[in-house]
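Have a look at entry.txt below; it lists compact mmCIF, N, CA and C atoms.
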```txt
# COMPACT_ATOMS: atom_id res chain seq x y z
N MET A 135 -23.51 61.02 31.05
CA MET A 135 -22.19 60.60 30.66
C MET A 135 -22.28 59.69 29.44
N VAL A 136 -21.47 59.96 28.45
CA VAL A 136 -21.42 59.14 27.25
C VAL A 136 -20.45 57.99 27.49
N VAL A 137 -20.93 56.78 27.25
CA VAL A 137 -20.09 55.59 27.41
C VAL A 137 -19.60 55.19 26.02
N THR A 138 -18.29 55.07 25.87
CA THR A 138 -17.70 54.80 24.56
C THR A 138 -17.22 53.36 24.45
N ARG A 139 -16.99 52.93 23.24
CA ARG A 139 -16.43 51.59 22.98
C ARG A 139 -15.07 51.46 23.67
N GLN A 140 -14.30 52.54 23.71
CA GLN A 140 -12.99 52.50 24.38
C GLN A 140 -13.16 52.21 25.87
N MET A 141 -14.16 52.79 26.49
CA MET A 141 -14.44 52.51 27.91
C MET A 141 -14.80 51.04 28.11
N GLU A 142 -15.58 50.51 27.18
CA GLU A 142 -15.95 49.10 27.26
C GLU A 142 -14.72 48.21 27.14
N LYS A 143 -13.81 48.56 26.25
CA LYS A 143 -12.58 47.78 26.08
C LYS A 143 -11.73 47.82 27.35
N ILE A 144 -11.67 48.97 27.99
CA ILE A 144 -10.92 49.09 29.24
C ILE A 144 -11.55 48.22 30.32
N LEU A 145 -12.87 48.25 30.41
CA LEU A 145 -13.57 47.40 31.38
C LEU A 145 -13.30 45.93 31.09
N LEU A 146 -13.40 45.53 29.84
CA LEU A 146 -13.12 44.15 29.48
C LEU A 146 -11.69 43.77 29.85
N PHE A 147 -10.74 44.66 29.57
CA PHE A 147 -9.34 44.41 29.93
C PHE A 147 -9.20 44.17 31.43
N LEU A 148 -9.86 44.98 32.24
CA LEU A 148 -9.77 44.83 33.69
C LEU A 148 -10.39 43.52 34.17
N ILE A 149 -11.50 43.12 33.57
CA ILE A 149 -12.12 41.86 33.94
C ILE A 149 -11.24 40.68 33.51
N VAL A 150 -10.66 40.76 32.33
CA VAL A 150 -9.74 39.71 31.87
C VAL A 150 -8.53 39.66 32.79
N LEU A 151 -7.99 40.81 33.16
CA LEU A 151 -6.84 40.85 34.07
C LEU A 151 -7.19 40.20 35.40
N HIS A 152 -8.36 40.48 35.92
CA HIS A 152 -8.82 39.84 37.16
C HIS A 152 -8.81 38.32 37.02
N SER A 153 -9.37 37.81 35.92
CA SER A 153 -9.41 36.36 35.71
C SER A 153 -8.01 35.78 35.60
N LEU A 154 -7.11 36.48 34.93
CA LEU A 154 -5.73 35.99 34.80
C LEU A 154 -5.02 35.97 36.15
N ILE A 155 -5.21 37.01 36.95
CA ILE A 155 -4.57 37.05 38.27
C ILE A 155 -5.10 35.93 39.16
N VAL A 156 -6.40 35.72 39.16
CA VAL A 156 -6.97 34.62 39.95
C VAL A 156 -6.43 33.29 39.43
N GLY A 157 -6.35 33.13 38.11
CA GLY A 157 -5.80 31.89 37.53
C GLY A 157 -4.36 31.67 37.95
N ILE A 158 -3.56 32.70 37.92
CA ILE A 158 -2.15 32.60 38.35
C ILE A 158 -2.07 32.21 39.82
N MET A 159 -2.87 32.86 40.64
CA MET A 159 -2.85 32.54 42.08
C MET A 159 -3.21 31.08 42.31
N LEU A 160 -4.24 30.60 41.63
CA LEU A 160 -4.69 29.22 41.85
C LEU A 160 -3.74 28.19 41.25
N MET A 161 -3.13 28.50 40.12
CA MET A 161 -2.22 27.55 39.47
C MET A 161 -0.84 27.49 40.12
N PHE A 162 -0.31 28.65 40.47
CA PHE A 162 1.10 28.71 40.87
C PHE A 162 1.33 29.03 42.34
N PHE A 163 0.33 29.50 43.02
CA PHE A 163 0.44 29.84 44.45
C PHE A 163 -0.76 29.25 45.19
N SER A 164 -1.07 28.00 44.88
CA SER A 164 -2.30 27.34 45.33
C SER A 164 -2.47 27.37 46.85
N GLN A 165 -1.47 26.93 47.56
CA GLN A 165 -1.59 26.84 49.02
C GLN A 165 -1.81 28.23 49.62
N TRP A 166 -1.03 29.20 49.19
CA TRP A 166 -1.18 30.56 49.71
C TRP A 166 -2.58 31.10 49.38
N ALA A 167 -3.01 30.93 48.13
CA ALA A 167 -4.30 31.48 47.71
C ALA A 167 -5.45 30.89 48.52
N VAL A 168 -5.41 29.61 48.74
CA VAL A 168 -6.50 28.95 49.46
C VAL A 168 -6.52 29.37 50.93
N VAL A 169 -5.36 29.43 51.56
CA VAL A 169 -5.29 29.88 52.95
C VAL A 169 -5.72 31.34 53.06
N PHE A 170 -5.25 32.19 52.14
CA PHE A 170 -5.65 33.60 52.13
C PHE A 170 -7.16 33.73 52.02
N ALA A 171 -7.77 32.87 51.22
CA ALA A 171 -9.22 32.92 51.00
C ALA A 171 -10.02 32.41 52.19
N GLY A 172 -9.34 31.83 53.18
CA GLY A 172 -10.03 31.41 54.39
C GLY A 172 -10.25 29.93 54.55
N TRP A 173 -9.69 29.13 53.66
CA TRP A 173 -9.81 27.68 53.75
C TRP A 173 -8.61 27.13 54.51
N ALA A 174 -8.73 25.93 55.02
CA ALA A 174 -7.65 25.33 55.81
C ALA A 174 -6.46 24.91 54.95
N GLY A 175 -6.71 24.45 53.74
CA GLY A 175 -5.62 23.98 52.89
C GLY A 175 -6.09 23.64 51.49
N ALA A 176 -5.13 23.30 50.65
CA ALA A 176 -5.42 23.05 49.24
C ALA A 176 -5.23 21.57 48.91
N GLU A 177 -6.04 20.72 49.49
CA GLU A 177 -5.94 19.29 49.22
C GLU A 177 -7.27 18.75 48.75
N PRO A 178 -7.33 18.02 47.68
CA PRO A 178 -6.23 17.75 46.75
C PRO A 178 -5.97 18.98 45.86
N VAL A 179 -4.72 19.25 45.63
CA VAL A 179 -4.32 20.46 44.92
C VAL A 179 -4.74 20.44 43.44
N PHE A 180 -4.95 19.26 42.89
CA PHE A 180 -5.36 19.15 41.49
C PHE A 180 -6.58 20.02 41.17
N PHE A 181 -7.57 20.01 42.05
CA PHE A 181 -8.80 20.75 41.78
C PHE A 181 -8.59 22.26 41.87
N ILE A 182 -7.63 22.68 42.67
CA ILE A 182 -7.27 24.09 42.73
C ILE A 182 -6.61 24.49 41.41
N TRP A 183 -5.71 23.65 40.92
CA TRP A 183 -5.07 23.92 39.62
C TRP A 183 -6.11 23.96 38.51
N GLN A 184 -7.07 23.04 38.58
CA GLN A 184 -8.13 23.00 37.57
C GLN A 184 -8.93 24.30 37.57
N ALA A 185 -9.22 24.83 38.74
CA ALA A 185 -9.93 26.11 38.83
C ALA A 185 -9.08 27.23 38.22
N GLY A 186 -7.77 27.18 38.42
CA GLY A 186 -6.89 28.17 37.81
C GLY A 186 -6.92 28.09 36.30
N ALA A 187 -6.84 26.87 35.77
CA ALA A 187 -6.90 26.67 34.33
C ALA A 187 -8.24 27.18 33.77
N PHE A 188 -9.31 26.94 34.50
CA PHE A 188 -10.63 27.40 34.10
C PHE A 188 -10.66 28.93 33.98
N HIS A 189 -10.00 29.62 34.91
CA HIS A 189 -9.95 31.08 34.82
C HIS A 189 -9.18 31.54 33.58
N PHE A 190 -8.12 30.83 33.20
CA PHE A 190 -7.38 31.17 31.97
C PHE A 190 -8.26 30.98 30.74
N VAL A 191 -9.00 29.88 30.71
CA VAL A 191 -9.89 29.60 29.58
C VAL A 191 -10.95 30.69 29.46
N LEU A 192 -11.54 31.07 30.57
CA LEU A 192 -12.55 32.13 30.53
C LEU A 192 -11.96 33.45 30.06
N ALA A 193 -10.80 33.81 30.57
CA ALA A 193 -10.16 35.07 30.15
C ALA A 193 -9.94 35.08 28.64
N ALA A 194 -9.44 33.97 28.12
CA ALA A 194 -9.22 33.87 26.67
C ALA A 194 -10.55 33.94 25.92
N GLY A 195 -11.55 33.26 26.44
CA GLY A 195 -12.87 33.27 25.81
C GLY A 195 -13.48 34.66 25.75
N TYR A 196 -13.32 35.43 26.82
CA TYR A 196 -13.85 36.80 26.82
C TYR A 196 -13.23 37.62 25.69
N VAL A 197 -11.91 37.49 25.54
CA VAL A 197 -11.20 38.27 24.52
C VAL A 197 -11.58 37.81 23.12
N VAL A 198 -11.58 36.51 22.90
CA VAL A 198 -11.89 35.97 21.57
C VAL A 198 -13.30 36.37 21.15
N GLU A 199 -14.27 36.21 22.05
CA GLU A 199 -15.65 36.56 21.70
C GLU A 199 -15.77 38.05 21.38
N TYR A 200 -15.16 38.89 22.19
CA TYR A 200 -15.29 40.34 21.96
C TYR A 200 -14.62 40.74 20.65
N ARG A 201 -13.46 40.15 20.36
CA ARG A 201 -12.77 40.50 19.10
C ARG A 201 -13.54 39.99 17.88
N ARG A 202 -14.14 38.82 17.98
CA ARG A 202 -14.86 38.25 16.84
C ARG A 202 -16.19 38.92 16.57
N SER A 203 -16.94 39.20 17.65
CA SER A 203 -18.31 39.65 17.44
C SER A 203 -18.69 40.91 18.20
N GLY A 204 -17.81 41.38 19.07
CA GLY A 204 -18.14 42.55 19.87
C GLY A 204 -19.14 42.26 20.97
N SER A 205 -19.38 40.98 21.24
CA SER A 205 -20.36 40.63 22.27
C SER A 205 -19.66 40.19 23.56
N ILE A 206 -20.44 40.12 24.62
CA ILE A 206 -19.91 39.74 25.93
C ILE A 206 -20.77 38.65 26.57
N ASP A 207 -21.40 37.84 25.76
CA ASP A 207 -22.31 36.82 26.27
C ASP A 207 -21.62 35.83 27.21
N LEU A 208 -20.45 35.34 26.84
CA LEU A 208 -19.72 34.40 27.69
C LEU A 208 -19.41 35.04 29.04
N LEU A 209 -18.95 36.27 29.03
CA LEU A 209 -18.64 36.97 30.26
C LEU A 209 -19.88 37.07 31.14
N LEU A 210 -21.01 37.45 30.56
CA LEU A 210 -22.23 37.59 31.34
C LEU A 210 -22.71 36.25 31.90
N ILE A 211 -22.61 35.21 31.11
CA ILE A 211 -23.01 33.87 31.58
C ILE A 211 -22.10 33.43 32.72
N ALA A 212 -20.80 33.56 32.53
CA ALA A 212 -19.84 33.10 33.54
C ALA A 212 -19.96 33.89 34.84
N LYS A 213 -20.02 35.20 34.75
CA LYS A 213 -20.06 36.03 35.96
C LYS A 213 -21.40 35.90 36.68
N THR A 214 -22.48 35.78 35.94
CA THR A 214 -23.79 35.62 36.57
C THR A 214 -23.89 34.26 37.25
N THR A 215 -23.38 33.22 36.59
CA THR A 215 -23.36 31.89 37.19
C THR A 215 -22.51 31.89 38.45
N ALA A 216 -21.35 32.53 38.40
CA ALA A 216 -20.50 32.61 39.59
C ALA A 216 -21.21 33.34 40.72
N PHE A 217 -21.88 34.44 40.39
CA PHE A 217 -22.62 35.19 41.40
C PHE A 217 -23.65 34.30 42.10
N VAL A 218 -24.47 33.62 41.31
CA VAL A 218 -25.53 32.77 41.89
C VAL A 218 -24.93 31.64 42.71
N PHE A 219 -23.92 30.99 42.18
CA PHE A 219 -23.29 29.86 42.86
C PHE A 219 -22.62 30.29 44.16
N LEU A 220 -21.82 31.35 44.10
CA LEU A 220 -21.04 31.76 45.27
C LEU A 220 -21.91 32.40 46.35
N VAL A 221 -22.80 33.30 45.96
CA VAL A 221 -23.67 33.92 46.96
C VAL A 221 -24.65 32.88 47.51
N GLY A 222 -25.18 32.06 46.62
CA GLY A 222 -26.07 30.98 47.07
C GLY A 222 -25.38 30.03 48.02
N GLY A 223 -24.16 29.66 47.69
CA GLY A 223 -23.38 28.79 48.57
C GLY A 223 -23.12 29.41 49.92
N SER A 224 -22.88 30.71 49.92
CA SER A 224 -22.65 31.43 51.18
C SER A 224 -23.90 31.44 52.06
N LEU A 225 -25.05 31.47 51.43
CA LEU A 225 -26.30 31.49 52.19
C LEU A 225 -26.68 30.11 52.71
N LEU A 226 -26.23 29.07 52.00
CA LEU A 226 -26.62 27.70 52.37
C LEU A 226 -25.63 26.98 53.28
N ALA A 227 -24.39 27.45 53.30
CA ALA A 227 -23.37 26.74 54.07
C ALA A 227 -22.44 27.74 54.74
N ASP A 228 -21.72 27.28 55.71
CA ASP A 228 -20.73 28.10 56.39
C ASP A 228 -19.48 28.15 55.51
N THR A 229 -19.24 29.30 54.90
CA THR A 229 -18.12 29.44 53.97
C THR A 229 -17.23 30.60 54.42
N PRO A 230 -15.96 30.59 54.00
CA PRO A 230 -15.07 31.70 54.32
C PRO A 230 -15.52 33.01 53.66
N TRP A 231 -14.97 34.09 54.13
CA TRP A 231 -15.30 35.44 53.64
C TRP A 231 -15.14 35.55 52.13
N SER A 232 -14.17 34.85 51.58
CA SER A 232 -13.85 35.00 50.16
C SER A 232 -14.96 34.50 49.25
N VAL A 233 -15.79 33.61 49.73
CA VAL A 233 -16.85 33.05 48.88
C VAL A 233 -17.91 34.12 48.60
N TRP A 234 -18.45 34.72 49.65
CA TRP A 234 -19.46 35.77 49.41
C TRP A 234 -18.84 36.98 48.75
N PHE A 235 -17.61 37.33 49.14
CA PHE A 235 -16.94 38.49 48.53
C PHE A 235 -16.76 38.28 47.03
N SER A 236 -16.30 37.09 46.65
CA SER A 236 -16.10 36.78 45.23
C SER A 236 -17.43 36.78 44.49
N GLY A 237 -18.47 36.27 45.13
CA GLY A 237 -19.78 36.28 44.50
C GLY A 237 -20.29 37.68 44.23
N VAL A 238 -20.16 38.54 45.23
CA VAL A 238 -20.60 39.92 45.06
C VAL A 238 -19.74 40.61 43.99
N ALA A 239 -18.43 40.37 44.00
CA ALA A 239 -17.55 40.97 42.99
C ALA A 239 -17.91 40.49 41.59
N ASP A 240 -18.16 39.20 41.44
CA ASP A 240 -18.56 38.68 40.12
C ASP A 240 -19.89 39.27 39.67
N GLY A 241 -20.82 39.40 40.60
CA GLY A 241 -22.10 40.02 40.26
C GLY A 241 -21.94 41.47 39.84
N ALA A 242 -21.06 42.19 40.54
CA ALA A 242 -20.80 43.59 40.18
C ALA A 242 -20.16 43.69 38.81
N MET A 243 -19.24 42.78 38.51
CA MET A 243 -18.61 42.78 37.18
C MET A 243 -19.65 42.51 36.09
N ALA A 244 -20.51 41.53 36.33
CA ALA A 244 -21.55 41.19 35.34
C ALA A 244 -22.48 42.37 35.11
N LEU A 245 -22.96 42.98 36.17
CA LEU A 245 -23.89 44.09 36.04
C LEU A 245 -23.24 45.28 35.34
N THR A 246 -22.01 45.60 35.74
CA THR A 246 -21.31 46.72 35.12
C THR A 246 -21.06 46.46 33.64
N ALA A 247 -20.60 45.27 33.31
CA ALA A 247 -20.34 44.93 31.91
C ALA A 247 -21.63 45.01 31.09
N PHE A 248 -22.72 44.49 31.65
CA PHE A 248 -24.01 44.54 30.95
C PHE A 248 -24.43 45.98 30.68
N LEU A 249 -24.37 46.82 31.71
CA LEU A 249 -24.81 48.21 31.55
C LEU A 249 -23.93 48.99 30.59
N VAL A 250 -22.63 48.78 30.67
CA VAL A 250 -21.71 49.47 29.75
C VAL A 250 -21.94 48.99 28.32
N HIS A 251 -22.04 47.69 28.13
CA HIS A 251 -22.26 47.14 26.79
C HIS A 251 -23.56 47.65 26.19
N ARG A 252 -24.61 47.68 26.99
CA ARG A 252 -25.91 48.18 26.51
C ARG A 252 -25.82 49.65 26.13
N ALA A 253 -25.11 50.44 26.93
CA ALA A 253 -24.95 51.87 26.62
C ALA A 253 -24.16 52.07 25.34
N VAL A 254 -23.13 51.27 25.13
CA VAL A 254 -22.34 51.37 23.90
C VAL A 254 -23.18 50.98 22.68
N GLN A 255 -23.99 49.95 22.82
CA GLN A 255 -24.84 49.49 21.73
C GLN A 255 -25.88 50.55 21.34
N LYS A 256 -26.38 51.26 22.33
CA LYS A 256 -27.37 52.30 22.06
C LYS A 256 -26.72 53.52 21.37
N GLY A 257 -25.41 53.64 21.57
CA GLY A 257 -24.64 54.70 20.91
C GLY A 257 -24.87 56.00 21.52
```
As C-alpha cells - that is how I would like this structure written.
Amino acid sequence: MVVTRQMEKILLFLIVLHSLIVGIMLMFFSQWAVVFAGWAGAEPVFFIWQAGAFHFVLAAGYVVEYRRSGSIDLLLIAKTTAFVFLVGGSLLADTPWSVWFSGVADGAMALTAFLVHRAVQKG
C-alpha cells in the first residue's frame, strides 16, 4: 500500500481533533469527564482546566509544526511521553480504566503517526 501525504494529513487531522475534543471535555465538562473516566470527582477543578488548556496547546502545536516544516516531532514527543506516563502509572498504582486506555491509545497514535510519516518521507 502506498502511503501518501494526503493520508498523513488526514491522520494528523484526526489526532488534532482527538486533542481538541479531550480539551473541550476537560475545560467545559470537567465534572462529567472526570467521573466518566472513573475518578470520584474533579477537585480542585483548576488542574482539570489546566489539562484541557494543555490539550489545546498541543493540538495547535501539532498543526503549526506540520505546516511550517512538515515534521511531527512534537506529536511524537507528546504521545510517547503520555504513553510512558499513563501506562507506567497504571502499572505502579491503582488507576481507573481510562488511564491505561488513554496510554495505549496515545501509544497507538504515536506509533501510527511515526510509521505513516516515515512511509511518506521514503516516498
message = Let me make sure I understand: among A:Phe190, A:Asp228, A:Gly241, A:Gly175, which one has the smallest atom-to-atom distance to A:Ile155 if we use only N, CA and C atoms?
response =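 Result for the nearest residue to A:Ile155: A:Phe190.
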Residue nearest A:Leu209 - candidates A:Phe147, A:Phe188, A:Trp166, A:Phe248, atoms counted: only N, CA and C atoms =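 So, comparing all the options, the nearest one is A:Phe248.
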message = Give me, as JSON, numbers by chain, all polymer residues having an atom no more than 8 Å from A:Val137, counting all atoms listed in the file and skipping those fewer than 5 positions away in the same chain.
response = {"A": [142, 250, 253, 254, 255, 257]}
query = Between A:Ser205, A:Ala167, A:Ala216, A:Ile158, which one has atoms that come closest to A:Ala239, using only C-alpha atoms?
reply =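 Ranking A:Ser205, A:Ala167, A:Ala216, A:Ile158 by distance to A:Ala239, first place goes to A:Ala216.
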inquiry  = For a quick check of understanding, using only C-alpha atoms, which of A:Leu210, A:Met141, A:Trp231, A:Ser224 has the smallest distance to A:Leu245?
reply    =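 Of all the options, A:Leu210 lies closest to A:Leu245.
Shell of A:Ala171 at 12 Å, with only C-alpha atoms counted and residues fewer than 3 places along the chain excluded, is Val156, Met159, Leu160, Ser164, Gln165, Trp166, Ala167, Val168, Ala174, Gly175, Ala176, Thr229, Pro230, Trp231, Ser232, Val233, Trp234, Phe235 and Ser236 of chain A.
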query = Which residue, A:Trp183, A:Phe170, A:Arg252, A:Ser153, has the smallest gap to A:Ala212 when you use only C-alpha atoms?
reply =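 Looking only at the distances to A:Ala212, the closest residue turns out to be A:Ser153.
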task = Take atom C of A:Met161 and atom CA of A:Ala187 and report the distance between them in Å, one decimal.
result =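 Atom C of A:Met161 sits 8.4 Å away from atom CA of A:Ala187.
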Go ahead and fit an axis-aligned box to every listed atom of stretch 199-202 of chain A plus 6 Å each side, and pass me the centre and edge lengths in Å, one decimal, as JSON.
```
{"center_x": -14.5, "center_y": 38.5, "center_z": 19.4, "size_x": 15.4, "size_y": 16.5, "size_z": 17.6}
```
Atom N of A:Gln140 to atom CA of A:His251, distance in Å rounded to a single decimal =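 A separation of 10.1 Å between them.
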message = Let me make sure I understand: among A:Met135, A:Leu225, A:Leu154, A:Ala244, which one has the smallest atom-to-atom distance to A:Asp207 if we use only C-alpha atoms?
response =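 Among the listed residues, the smallest separation from A:Asp207 belongs to A:Ala244.
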query = Separation of atom N of A:Leu249 and atom CA of A:Gly223, in Å?
reply =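 Interatomic distance here is 24.7 Å.
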Could N, CA, C and O atoms be built for stretch 191-211 of chain A and written out as a CSV table (one decimal), in the coordinates of the input?
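result_9.csv, freshly written:
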```
chain,number,residue,atom,x,y,z
A,191,VAL,N,-9.0,29.9,30.7
A,191,VAL,CA,-9.9,29.6,29.6
A,191,VAL,C,-11.0,30.7,29.5
A,191,VAL,O,-11.2,31.2,28.4
A,192,LEU,N,-11.5,31.1,30.6
A,192,LEU,CA,-12.6,32.1,30.5
A,192,LEU,C,-12.0,33.4,30.1
A,192,LEU,O,-12.6,34.1,29.2
A,193,ALA,N,-10.8,33.8,30.6
A,193,ALA,CA,-10.2,35.1,30.2
A,193,ALA,C,-9.9,35.1,28.6
A,193,ALA,O,-10.2,36.1,28.0
A,194,ALA,N,-9.4,34.0,28.1
A,194,ALA,CA,-9.2,33.9,26.7
A,194,ALA,C,-10.6,33.9,25.9
A,194,ALA,O,-10.7,34.6,24.9
A,195,GLY,N,-11.6,33.3,26.4
A,195,GLY,CA,-12.9,33.3,25.8
A,195,GLY,C,-13.5,34.7,25.8
A,195,GLY,O,-14.1,35.0,24.7
A,196,TYR,N,-13.3,35.4,26.8
A,196,TYR,CA,-13.8,36.8,26.8
A,196,TYR,C,-13.2,37.6,25.7
A,196,TYR,O,-13.9,38.3,25.0
A,197,VAL,N,-11.9,37.5,25.5
A,197,VAL,CA,-11.2,38.3,24.5
A,197,VAL,C,-11.6,37.8,23.1
A,197,VAL,O,-11.9,38.6,22.2
A,198,VAL,N,-11.6,36.5,22.9
A,198,VAL,CA,-11.9,36.0,21.6
A,198,VAL,C,-13.3,36.4,21.2
A,198,VAL,O,-13.5,36.8,20.0
A,199,GLU,N,-14.3,36.2,22.0
A,199,GLU,CA,-15.6,36.6,21.7
A,199,GLU,C,-15.8,38.0,21.4
A,199,GLU,O,-16.4,38.4,20.4
A,200,TYR,N,-15.2,38.9,22.2
A,200,TYR,CA,-15.3,40.3,22.0
A,200,TYR,C,-14.6,40.7,20.6
A,200,TYR,O,-15.2,41.5,19.9
A,201,ARG,N,-13.5,40.2,20.4
A,201,ARG,CA,-12.8,40.5,19.1
A,201,ARG,C,-13.5,40.0,17.9
A,201,ARG,O,-13.6,40.6,16.8
A,202,ARG,N,-14.1,38.8,18.0
A,202,ARG,CA,-14.9,38.2,16.8
A,202,ARG,C,-16.2,38.9,16.6
A,202,ARG,O,-16.6,39.1,15.4
A,203,SER,N,-16.9,39.2,17.6
A,203,SER,CA,-18.3,39.6,17.4
A,203,SER,C,-18.7,40.9,18.2
A,203,SER,O,-19.8,41.4,18.0
A,204,GLY,N,-17.8,41.4,19.1
A,204,GLY,CA,-18.1,42.6,19.9
A,204,GLY,C,-19.1,42.3,21.0
A,204,GLY,O,-19.7,43.2,21.6
A,205,SER,N,-19.4,41.0,21.2
A,205,SER,CA,-20.4,40.6,22.3
A,205,SER,C,-19.7,40.2,23.6
A,205,SER,O,-18.5,39.9,23.6
A,206,ILE,N,-20.4,40.1,24.6
A,206,ILE,CA,-19.9,39.7,25.9
A,206,ILE,C,-20.8,38.6,26.6
A,206,ILE,O,-20.8,38.5,27.8
A,207,ASP,N,-21.4,37.8,25.8
A,207,ASP,CA,-22.3,36.8,26.3
A,207,ASP,C,-21.6,35.8,27.2
A,207,ASP,O,-22.2,35.5,28.3
A,208,LEU,N,-20.4,35.3,26.8
A,208,LEU,CA,-19.7,34.4,27.7
A,208,LEU,C,-19.4,35.0,29.0
A,208,LEU,O,-19.6,34.4,30.1
A,209,LEU,N,-19.0,36.3,29.0
A,209,LEU,CA,-18.6,37.0,30.3
A,209,LEU,C,-19.9,37.1,31.1
A,209,LEU,O,-19.8,36.8,32.4
A,210,LEU,N,-21.0,37.4,30.6
A,210,LEU,CA,-22.2,37.6,31.3
A,210,LEU,C,-22.7,36.2,31.9
A,210,LEU,O,-23.1,36.2,33.1
A,211,ILE,N,-22.6,35.2,31.1
A,211,ILE,CA,-23.0,33.9,31.6
A,211,ILE,C,-22.1,33.4,32.7
A,211,ILE,O,-22.6,33.0,33.8
```
